[in-house]
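Quick look at data.pdb (PDB, C-alpha atoms):
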MODEL        1
ATOM      1  CA  MET A   1      94.013 115.243  38.339
ATOM      2  CA  THR A   2      97.337 116.622  39.530
ATOM      3  CA  LYS A   3     100.226 115.754  37.233
ATOM      4  CA  LYS A   4     102.926 113.644  38.880
ATOM      5  CA  LEU A   5     106.201 115.539  38.884
ATOM      6  CA  THR A   6     109.225 114.111  37.089
ATOM      7  CA  ILE A   7     112.965 114.673  37.466
ATOM      8  CA  LEU A   8     112.774 117.021  34.472
ATOM      9  CA  ASP A   9     110.128 119.123  36.245
ATOM     10  CA  ILE A  10     112.342 119.411  39.331
ATOM     11  CA  ALA A  11     115.312 120.342  37.143
ATOM     12  CA  LYS A  12     113.355 123.188  35.507
ATOM     13  CA  MET A  13     112.119 124.471  38.862
ATOM     14  CA  ALA A  14     115.661 124.446  40.259
ATOM     15  CA  GLY A  15     117.232 125.914  37.119
ATOM     16  CA  VAL A  16     119.628 122.987  36.738
ATOM     17  CA  GLY A  17     120.055 120.080  34.378
ATOM     18  CA  LYS A  18     118.227 116.764  34.707
ATOM     19  CA  SER A  19     121.532 115.007  35.371
ATOM     20  CA  THR A  20     122.189 117.299  38.340
ATOM     21  CA  VAL A  21     118.900 116.283  39.952
ATOM     22  CA  SER A  22     119.780 112.637  39.364
ATOM     23  CA  ARG A  23     123.133 113.143  41.069
ATOM     24  CA  VAL A  24     121.419 114.771  44.043
ATOM     25  CA  LEU A  25     119.039 111.810  44.322
ATOM     26  CA  THR A  26     121.948 109.344  44.278
ATOM     27  CA  ASN A  27     124.034 111.375  46.744
ATOM     28  CA  ASP A  28     126.816 112.107  44.262
ATOM     29  CA  PRO A  29     129.528 113.948  46.239
ATOM     30  CA  LYS A  30     130.475 116.005  43.150
ATOM     31  CA  VAL A  31     127.328 118.155  43.436
ATOM     32  CA  LYS A  32     128.063 121.592  44.910
ATOM     33  CA  PRO A  33     126.590 122.018  48.408
ATOM     34  CA  GLU A  34     124.565 125.098  47.445
ATOM     35  CA  THR A  35     123.122 123.321  44.386
ATOM     36  CA  ARG A  36     122.270 120.239  46.451
ATOM     37  CA  LEU A  37     120.526 122.391  49.074
ATOM     38  CA  LYS A  38     118.478 124.193  46.404
ATOM     39  CA  VAL A  39     117.365 120.974  44.686
ATOM     40  CA  GLU A  40     116.554 119.216  47.960
ATOM     41  CA  GLN A  41     114.459 122.173  49.109
ATOM     42  CA  ILE A  42     112.406 122.103  45.895
ATOM     43  CA  ILE A  43     111.958 118.318  46.214
ATOM     44  CA  LYS A  44     110.737 118.767  49.784
ATOM     45  CA  GLU A  45     108.338 121.620  48.964
ATOM     46  CA  SER A  46     106.914 119.905  45.880
ATOM     47  CA  GLY A  47     106.411 116.524  47.553
ATOM     48  CA  PHE A  48     108.317 114.859  44.716
ATOM     49  CA  THR A  49     108.948 111.113  45.163
ATOM     50  CA  PRO A  50     111.673 109.642  42.933
ATOM     51  CA  SER A  51     110.944 106.394  41.112
ATOM     52  CA  LYS A  52     113.029 103.305  41.656
ATOM     53  CA  SER A  53     114.550 103.708  38.207
ATOM     54  CA  ALA A  54     115.609 107.250  39.030
ATOM     55  CA  GLN A  55     117.226 106.112  42.247
ATOM     56  CA  SER A  56     119.226 103.509  40.350
ATOM     57  CA  MET A  57     120.801 106.030  37.959
ATOM     58  CA  ARG A  58     124.561 106.512  38.085
ATOM     59  CA  GLY A  59     125.068 103.475  40.272
ATOM     60  CA  GLY A  60     122.494 104.431  42.877
ATOM     61  CA  SER A  61     120.657 101.682  44.756
ATOM     62  CA  GLN A  62     117.083 100.708  43.976
ATOM     63  CA  LYS A  63     116.929  99.188  47.468
ATOM     64  CA  VAL A  64     115.343  96.035  46.033
ATOM     65  CA  ILE A  65     116.343  92.437  46.708
ATOM     66  CA  GLY A  66     115.142  89.603  44.483
ATOM     67  CA  ILE A  67     114.176  86.369  46.264
ATOM     68  CA  ILE A  68     113.793  83.198  44.188
ATOM     69  CA  THR A  69     112.107  80.473  46.218
ATOM     70  CA  SER A  70     111.768  76.872  45.056
ATOM     71  CA  ARG A  71     108.112  76.532  46.099
ATOM     72  CA  LEU A  72     105.793  79.185  47.428
ATOM     73  CA  ASP A  73     104.052  76.534  49.544
ATOM     74  CA  SER A  74     107.256  75.305  51.204
ATOM     75  CA  PRO A  75     107.000  75.765  55.016
ATOM     76  CA  SER A  76     110.787  75.655  55.411
ATOM     77  CA  GLU A  77     111.498  78.223  52.703
ATOM     78  CA  ASN A  78     108.704  80.447  53.979
ATOM     79  CA  LYS A  79     110.384  80.473  57.386
ATOM     80  CA  ALA A  80     113.671  81.466  55.771
ATOM     81  CA  ILE A  81     111.937  84.159  53.701
ATOM     82  CA  SER A  82     110.393  85.531  56.895
ATOM     83  CA  GLY A  83     113.920  85.934  58.271
ATOM     84  CA  ILE A  84     115.120  87.555  55.053
ATOM     85  CA  LEU A  85     112.290  90.080  54.953
ATOM     86  CA  GLU A  86     112.774  91.040  58.580
ATOM     87  CA  ILE A  87     116.386  92.034  57.892
ATOM     88  CA  ILE A  88     115.997  93.749  54.525
ATOM     89  CA  TYR A  89     112.924  95.716  55.621
ATOM     90  CA  GLN A  90     114.906  97.029  58.581
ATOM     91  CA  GLN A  91     117.443  98.382  56.098
ATOM     92  CA  GLY A  92     114.839 100.028  53.859
ATOM     93  CA  TYR A  93     114.858  97.437  51.074
ATOM     94  CA  ASP A  94     111.868  96.067  49.180
ATOM     95  CA  ALA A  95     111.565  92.482  47.935
ATOM     96  CA  VAL A  96     110.547  90.830  44.682
ATOM     97  CA  ILE A  97     109.626  87.181  45.302
ATOM     98  CA  MET A  98     109.622  84.654  42.443
ATOM     99  CA  GLU A  99     109.165  80.860  42.289
ATOM    100  CA  SER A 100     111.549  78.515  40.458
ATOM    101  CA  GLN A 101     109.541  75.283  40.865
ATOM    102  CA  PHE A 102     112.931  73.477  40.741
ATOM    103  CA  ASP A 103     113.099  74.409  37.046
ATOM    104  CA  THR A 104     116.517  75.434  35.698
ATOM    105  CA  GLN A 105     115.190  77.403  32.721
ATOM    106  CA  LYS A 106     112.593  79.208  34.806
ATOM    107  CA  THR A 107     115.264  80.137  37.356
ATOM    108  CA  ASN A 108     117.503  81.547  34.622
ATOM    109  CA  GLU A 109     114.573  83.549  33.251
ATOM    110  CA  HIS A 110     113.896  84.965  36.718
ATOM    111  CA  LEU A 111     117.558  85.944  37.097
ATOM    112  CA  GLU A 112     117.454  87.716  33.742
ATOM    113  CA  VAL A 113     114.291  89.629  34.700
ATOM    114  CA  LEU A 114     115.900  90.695  37.981
ATOM    115  CA  ARG A 115     119.039  91.761  36.126
ATOM    116  CA  LYS A 116     117.001  93.904  33.720
ATOM    117  CA  ARG A 117     115.202  95.473  36.673
ATOM    118  CA  SER A 118     118.602  96.336  38.159
ATOM    119  CA  VAL A 119     117.827  94.888  41.584
ATOM    120  CA  ASP A 120     120.621  95.335  44.098
ATOM    121  CA  GLY A 121     121.040  91.645  44.862
ATOM    122  CA  VAL A 122     119.450  88.203  44.841
ATOM    123  CA  ILE A 123     118.842  85.474  47.411
ATOM    124  CA  LEU A 124     118.243  82.167  45.659
ATOM    125  CA  PHE A 125     117.024  78.894  47.171
ATOM    126  CA  GLY A 126     119.224  76.378  45.409
ATOM    127  CA  PHE A 127     118.417  72.933  44.021
ATOM    128  CA  THR A 128     120.446  70.177  42.395
ATOM    129  CA  ASP A 129     120.051  71.258  38.757
ATOM    130  CA  CYS A 130     120.782  74.950  39.223
ATOM    131  CA  ASP A 131     122.739  76.551  36.369
ATOM    132  CA  MET A 132     125.790  77.671  38.339
ATOM    133  CA  ALA A 133     127.224  79.575  35.372
ATOM    134  CA  GLU A 134     124.201  81.901  35.394
ATOM    135  CA  ILE A 135     124.256  82.234  39.169
ATOM    136  CA  GLU A 136     127.951  83.055  39.238
ATOM    137  CA  ARG A 137     127.409  86.000  36.876
ATOM    138  CA  TRP A 138     126.017  87.849  39.909
ATOM    139  CA  ASN A 139     129.313  87.516  41.811
ATOM    140  CA  GLU A 140     129.018  89.201  45.223
ATOM    141  CA  ARG A 141     125.436  90.316  44.517
ATOM    142  CA  ILE A 142     123.909  86.893  45.183
ATOM    143  CA  ILE A 143     123.736  84.337  47.983
ATOM    144  CA  VAL A 144     122.428  80.785  47.627
ATOM    145  CA  ILE A 145     120.493  79.051  50.413
ATOM    146  CA  ALA A 146     120.325  75.265  50.955
ATOM    147  CA  MET A 147     123.124  74.413  48.540
ATOM    148  CA  ASP A 148     126.911  74.537  48.688
ATOM    149  CA  THR A 149     128.599  76.696  46.052
ATOM    150  CA  ASP A 150     132.168  77.549  45.092
ATOM    151  CA  LYS A 151     132.276  81.034  43.580
ATOM    152  CA  VAL A 152     129.320  82.804  45.228
ATOM    153  CA  SER A 153     128.236  82.975  48.849
ATOM    154  CA  SER A 154     126.080  80.204  50.247
ATOM    155  CA  ILE A 155     124.413  79.166  53.475
ATOM    156  CA  ASN A 156     123.478  75.539  53.945
ATOM    157  CA  TYR A 157     121.758  73.543  56.629
ATOM    158  CA  ASP A 158     123.448  70.864  58.713
ATOM    159  CA  ASN A 159     121.814  68.048  56.747
ATOM    160  CA  HIS A 160     123.975  65.427  58.401
ATOM    161  CA  GLY A 161     123.467  66.863  61.876
ATOM    162  CA  VAL A 162     119.662  67.028  61.789
ATOM    163  CA  ILE A 163     119.367  63.285  61.184
ATOM    164  CA  ARG A 164     122.073  62.438  63.709
ATOM    165  CA  GLN A 165     120.244  64.575  66.262
ATOM    166  CA  ALA A 166     116.977  62.736  65.597
ATOM    167  CA  LEU A 167     118.702  59.375  65.970
ATOM    168  CA  HIS A 168     120.342  60.552  69.193
ATOM    169  CA  TYR A 169     116.930  61.454  70.651
ATOM    170  CA  LEU A 170     115.567  58.042  69.713
ATOM    171  CA  SER A 171     118.577  56.320  71.267
ATOM    172  CA  GLU A 172     117.919  58.230  74.485
ATOM    173  CA  LEU A 173     114.442  56.679  74.426
ATOM    174  CA  HIS A 174     116.084  53.240  74.040
ATOM    175  CA  LEU A 175     114.667  52.799  70.546
ATOM    176  CA  THR A 176     116.995  51.000  68.148
ATOM    177  CA  ASN A 177     114.867  49.397  65.429
ATOM    178  CA  ILE A 178     114.535  52.525  63.327
ATOM    179  CA  ALA A 179     113.408  52.954  59.715
ATOM    180  CA  TYR A 180     113.901  55.987  57.485
ATOM    181  CA  VAL A 181     111.641  57.757  54.984
ATOM    182  CA  GLY A 182     113.430  60.325  52.863
ATOM    183  CA  VAL A 183     113.871  62.117  49.571
ATOM    184  CA  ASP A 184     115.368  60.588  46.439
ATOM    185  CA  PRO A 185     119.197  60.786  46.657
ATOM    186  CA  SER A 186     119.308  62.645  43.347
ATOM    187  CA  ASP A 187     118.603  65.610  45.612
ATOM    188  CA  LYS A 188     122.090  66.110  47.065
ATOM    189  CA  THR A 189     121.098  67.815  50.320
ATOM    190  CA  THR A 190     117.703  66.853  51.729
ATOM    191  CA  GLY A 191     118.013  63.599  49.778
ATOM    192  CA  LYS A 192     121.524  62.150  49.750
ATOM    193  CA  LEU A 193     123.163  63.844  52.748
ATOM    194  CA  ARG A 194     120.297  63.040  55.133
ATOM    195  CA  LEU A 195     120.019  59.451  53.907
ATOM    196  CA  ASP A 196     123.792  59.028  54.253
ATOM    197  CA  ALA A 197     123.576  60.153  57.890
ATOM    198  CA  TYR A 198     121.010  57.412  58.596
ATOM    199  CA  LEU A 199     123.018  54.735  56.760
ATOM    200  CA  GLU A 200     126.173  55.790  58.614
ATOM    201  CA  TRP A 201     124.366  55.438  61.961
ATOM    202  CA  CYS A 202     123.099  51.963  61.014
ATOM    203  CA  GLN A 203     126.630  50.888  60.122
ATOM    204  CA  GLU A 204     128.022  52.238  63.391
ATOM    205  CA  HIS A 205     125.425  50.290  65.397
ATOM    206  CA  ASP A 206     125.572  47.149  63.248
ATOM    207  CA  ILE A 207     121.907  47.509  62.308
ATOM    208  CA  SER A 208     120.417  46.552  58.942
ATOM    209  CA  PRO A 209     119.012  49.745  57.389
ATOM    210  CA  LYS A 210     115.404  49.873  56.357
ATOM    211  CA  PHE A 211     114.512  52.896  54.252
ATOM    212  CA  ALA A 212     112.474  54.228  51.355
ATOM    213  CA  THR A 213     112.845  57.443  49.385
ATOM    214  CA  GLY A 214     110.542  59.408  47.130
ATOM    215  CA  GLN A 215     109.419  62.965  46.520
ATOM    216  CA  LEU A 216     109.485  65.811  49.038
ATOM    217  CA  ASP A 217     105.742  65.516  49.481
ATOM    218  CA  HIS A 218     103.467  64.204  52.247
ATOM    219  CA  LYS A 219     101.551  62.024  49.773
ATOM    220  CA  SER A 220     104.799  60.379  48.667
ATOM    221  CA  ALA A 221     105.744  59.674  52.302
ATOM    222  CA  TYR A 222     102.266  58.292  53.005
ATOM    223  CA  ALA A 223     102.696  55.813  50.147
ATOM    224  CA  LEU A 224     106.172  54.742  51.317
ATOM    225  CA  VAL A 225     105.252  53.788  54.894
ATOM    226  CA  ASP A 226     104.126  50.237  54.190
ATOM    227  CA  SER A 227     107.429  49.412  52.470
ATOM    228  CA  VAL A 228     109.450  50.055  55.653
ATOM    229  CA  LEU A 229     106.922  48.843  58.203
ATOM    230  CA  ASP A 230     107.048  45.580  60.114
ATOM    231  CA  ASP A 231     106.160  44.367  63.594
ATOM    232  CA  GLU A 232     109.622  45.175  64.938
ATOM    233  CA  ILE A 233     109.879  48.806  63.839
ATOM    234  CA  GLN A 234     109.978  51.137  66.855
ATOM    235  CA  ALA A 235     110.526  54.484  65.127
ATOM    236  CA  ILE A 236     110.617  56.159  61.723
ATOM    237  CA  VAL A 237     112.995  59.034  61.026
ATOM    238  CA  CYS A 238     111.734  61.382  58.292
ATOM    239  CA  ALA A 239     113.902  63.720  56.234
ATOM    240  CA  SER A 240     111.446  66.592  56.708
ATOM    241  CA  ASP A 241     108.302  67.568  58.589
ATOM    242  CA  THR A 242     106.374  67.377  55.311
ATOM    243  CA  LEU A 243     107.265  63.700  55.060
ATOM    244  CA  ALA A 244     106.564  63.166  58.761
ATOM    245  CA  LEU A 245     103.030  64.447  58.190
ATOM    246  CA  GLY A 246     102.385  61.775  55.551
ATOM    247  CA  VAL A 247     103.969  59.052  57.684
ATOM    248  CA  ALA A 248     101.891  60.063  60.719
ATOM    249  CA  LYS A 249      98.685  59.969  58.692
ATOM    250  CA  ARG A 250      99.369  56.443  57.437
ATOM    251  CA  LEU A 251     100.392  55.122  60.871
ATOM    252  CA  GLN A 252      97.250  56.669  62.338
ATOM    253  CA  GLU A 253      95.143  54.749  59.818
ATOM    254  CA  LEU A 254      97.009  51.547  60.691
ATOM    255  CA  GLN A 255      96.537  52.256  64.412
ATOM    256  CA  ARG A 256     100.275  51.925  64.971
ATOM    257  CA  ASN A 257     100.518  54.309  67.925
ATOM    258  CA  ASP A 258     103.547  52.389  69.172
ATOM    259  CA  ILE A 259     105.879  53.945  66.587
ATOM    260  CA  GLN A 260     107.777  57.153  67.363
ATOM    261  CA  ILE A 261     108.151  59.587  64.440
ATOM    262  CA  THR A 262     110.781  62.279  63.958
ATOM    263  CA  GLY A 263     110.824  65.054  61.383
ATOM    264  CA  VAL A 264     112.953  68.019  60.405
ATOM    265  CA  GLY A 265     111.678  71.586  60.333
ATOM    266  CA  GLY A 266     110.033  72.632  63.581
ATOM    267  CA  ASN A 267     106.682  72.958  61.787
ATOM    268  CA  GLU A 268     104.026  74.357  64.144
ATOM    269  CA  LEU A 269     101.112  72.729  62.282
ATOM    270  CA  LEU A 270     102.731  69.296  62.528
ATOM    271  CA  SER A 271     103.292  69.764  66.258
ATOM    272  CA  PHE A 272      99.665  70.839  66.690
ATOM    273  CA  LEU A 273      98.218  67.881  64.779
ATOM    274  CA  PHE A 274     100.668  65.280  66.088
ATOM    275  CA  PRO A 275     102.190  66.579  69.344
ATOM    276  CA  ASN A 276     104.158  63.372  69.968
ATOM    277  CA  ILE A 277     106.314  63.811  66.864
ATOM    278  CA  ILE A 278     109.884  64.928  67.556
ATOM    279  CA  SER A 279     110.895  67.651  65.090
ATOM    280  CA  ILE A 280     114.478  68.878  64.707
ATOM    281  CA  ASN A 281     114.760  72.588  63.905
ATOM    282  CA  PRO A 282     117.518  73.245  61.317
ATOM    283  CA  GLY A 283     117.200  77.000  61.885
ATOM    284  CA  TYR A 284     115.367  77.977  58.714
ATOM    285  CA  GLN A 285     114.461  81.492  59.883
ATOM    286  CA  HIS A 286     117.945  82.108  61.252
ATOM    287  CA  ALA A 287     119.400  80.976  57.932
ATOM    288  CA  GLY A 288     117.259  83.547  56.140
ATOM    289  CA  GLU A 289     118.432  86.261  58.518
ATOM    290  CA  SER A 290     122.066  85.242  58.056
ATOM    291  CA  ALA A 291     121.701  85.161  54.274
ATOM    292  CA  ALA A 292     120.180  88.649  54.210
ATOM    293  CA  LYS A 293     122.861  90.094  56.492
ATOM    294  CA  GLN A 294     125.645  88.505  54.465
ATOM    295  CA  LEU A 295     124.231  89.793  51.171
ATOM    296  CA  LEU A 296     123.747  93.340  52.456
ATOM    297  CA  GLN A 297     127.299  93.392  53.803
ATOM    298  CA  GLN A 298     128.585  92.218  50.432
ATOM    299  CA  LEU A 299     126.604  94.941  48.656
ATOM    300  CA  GLU A 300     128.251  97.462  50.969
ATOM    301  CA  SER A 301     131.661  95.910  50.220
ATOM    302  CA  SER A 302     132.129  95.233  53.938
ATOM    303  CA  ALA A 303     132.176  91.433  53.577
ATOM    304  CA  SER A 304     133.730  88.964  51.162
ATOM    305  CA  ILE A 305     132.162  85.816  49.711
ATOM    306  CA  ALA A 306     131.508  83.244  52.444
ATOM    307  CA  HIS A 307     130.203  79.701  52.801
ATOM    308  CA  LEU A 308     128.213  79.192  55.991
ATOM    309  CA  THR A 309     126.503  76.267  57.694
ATOM    310  CA  GLN A 310     123.477  77.122  59.798
ATOM    311  CA  PRO A 311     123.766  75.623  63.310
ATOM    312  CA  LEU A 312     120.855  73.567  64.577
ATOM    313  CA  SER A 313     118.281  75.565  66.562
ATOM    314  CA  LEU A 314     117.640  73.303  69.523
TER     315      LEU A 314
ENDMDL
END

What do you get writing this file as structure tokens?
Amino acid sequence: MTKKLTILDIAKMAGVGKSTVSRVLTNDPKVKPETRLKVEQIIKESGFTPSKSAQSMRGGSQKVIGIITSRLDSPSENKAISGILEIIYQQGYDAVIMESQFDTQKTNEHLEVLRKRSVDGVILFGFTDCDMAEIERWNERIIVIAMDTDKVSSINYDNHGVIRQALHYLSELHLTNIAYVGVDPSDKTTGKLRLDAYLEWCQEHDISPKFATGQLDHKSAYALVDSVLDDEIQAIVCASDTLALGVAKRLQELQRNDIQITGVGGNELLSFLFPNIISINPGYQHAGESAAKQLLQQLESSASIAHLTQPLSL
């Protein structure tokens, strides 16, 4: 078996020190042109491939971005991750994907692992109980998705706008007796902000609100339907497509085909199974692309910390 060459082997072949080879690999401008040319020629002829750790020496980039998702089975976060990967792959970066499971301690452990691996930056899908002190240690090397932040960059969805847009569509259909199935308000974004948009609309139209909240899960939504249902209900607005799926299943069992459902997410599977459901697209993939671009610009020191709201993708 052929021995894999190391930086030390290249240094011996070039007649220079190991540190000189490292500086060549990290494009240190202090290396003399003739020395750089000699080392690069030997690297080319030998087929040597530097390890990620070697590339990170003396401030060099590993070209690795850590991505901490809340749930690996989340359709919305997967869309955003697709956008992230498209951008970072174009720029020659690799990705390390980890799952927080909405667990503060687990998230902190992931951040520590990524720090020890010297990744260039992190894109984190935020949740209510995030430890902001740990996140802020990354400064310009992190961006948080789906949560507003103060001291690090963030990109959030228009949680108010997605529900208002759904209610506008229903109004255009002359539907006014509208219930809401959402997420517990302890979740500040998908939960509280989206519920507040519905309650605000009810107040504006002098309508008594009828709503139920639970977990961000289709089974939870399925179980909540009966608590908001009566003979007068014309439509049910759901805080996400995942919830809309559970609501649609229950209404199908009850043979209530007269009720219009709306969701949030632009989920293709939901549209395939229930083509009559109206789904508002918050721009998950575009948010991922924007987050990746913002982070890479910050790593290059060509952009400062920013707080963005992803426009609706209509």

Evaluate the PyMOL selection byres ((chain A and resi 75) around 12) and report residues as JSON, numbers by chain:
{"A": [69, 70, 71, 72, 73, 74, 76, 77, 78, 79, 80, 81, 82, 216, 217, 240, 241, 242, 264, 265, 266, 267, 268, 269, 270, 284, 285]}

Given the PyMOL selection byres ((chain A and resi 146) around 9), the residues it picks as a PyMOL selection string
chain A and resi 124-127+144-145+147-148+154-157+189-190

For the file shown, what are the residues hit by the PyMOL selection byres ((chain A and resi 291-300) around 7), laid out as a ChimeraX atom specification?
/A:84,87-88,140-143,155,287-290,301-304

What is the distance between atom CA of A:Ile68 and atom CA of A:Val247, in Å to one decimal?
29.4 Å

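With atom CA of A:His307 on one side and atom CA of A:Ser153 on the other, the separation reads 5.5 Å.
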
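When all atoms listed in the file are used to measure the gap to A:Leu167, the shortest distance among A:Val122, A:Val113, A:Leu254, A:Ile278 belongs to A:Ile278.
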
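Between atom CA of A:Lys188 and atom CA of A:Thr128 the separation is 6.4 Å.
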
Please provide the set of residues having any atom within 9 Å of A:Leu245, restricted to all atoms listed in the file, with same-chain residues fewer than 3 positions apart removed, written as a VMD selection string.
chain A and resid 218 to 219 221 to 222 240 to 242 248 to 250 263 270 273 to 274
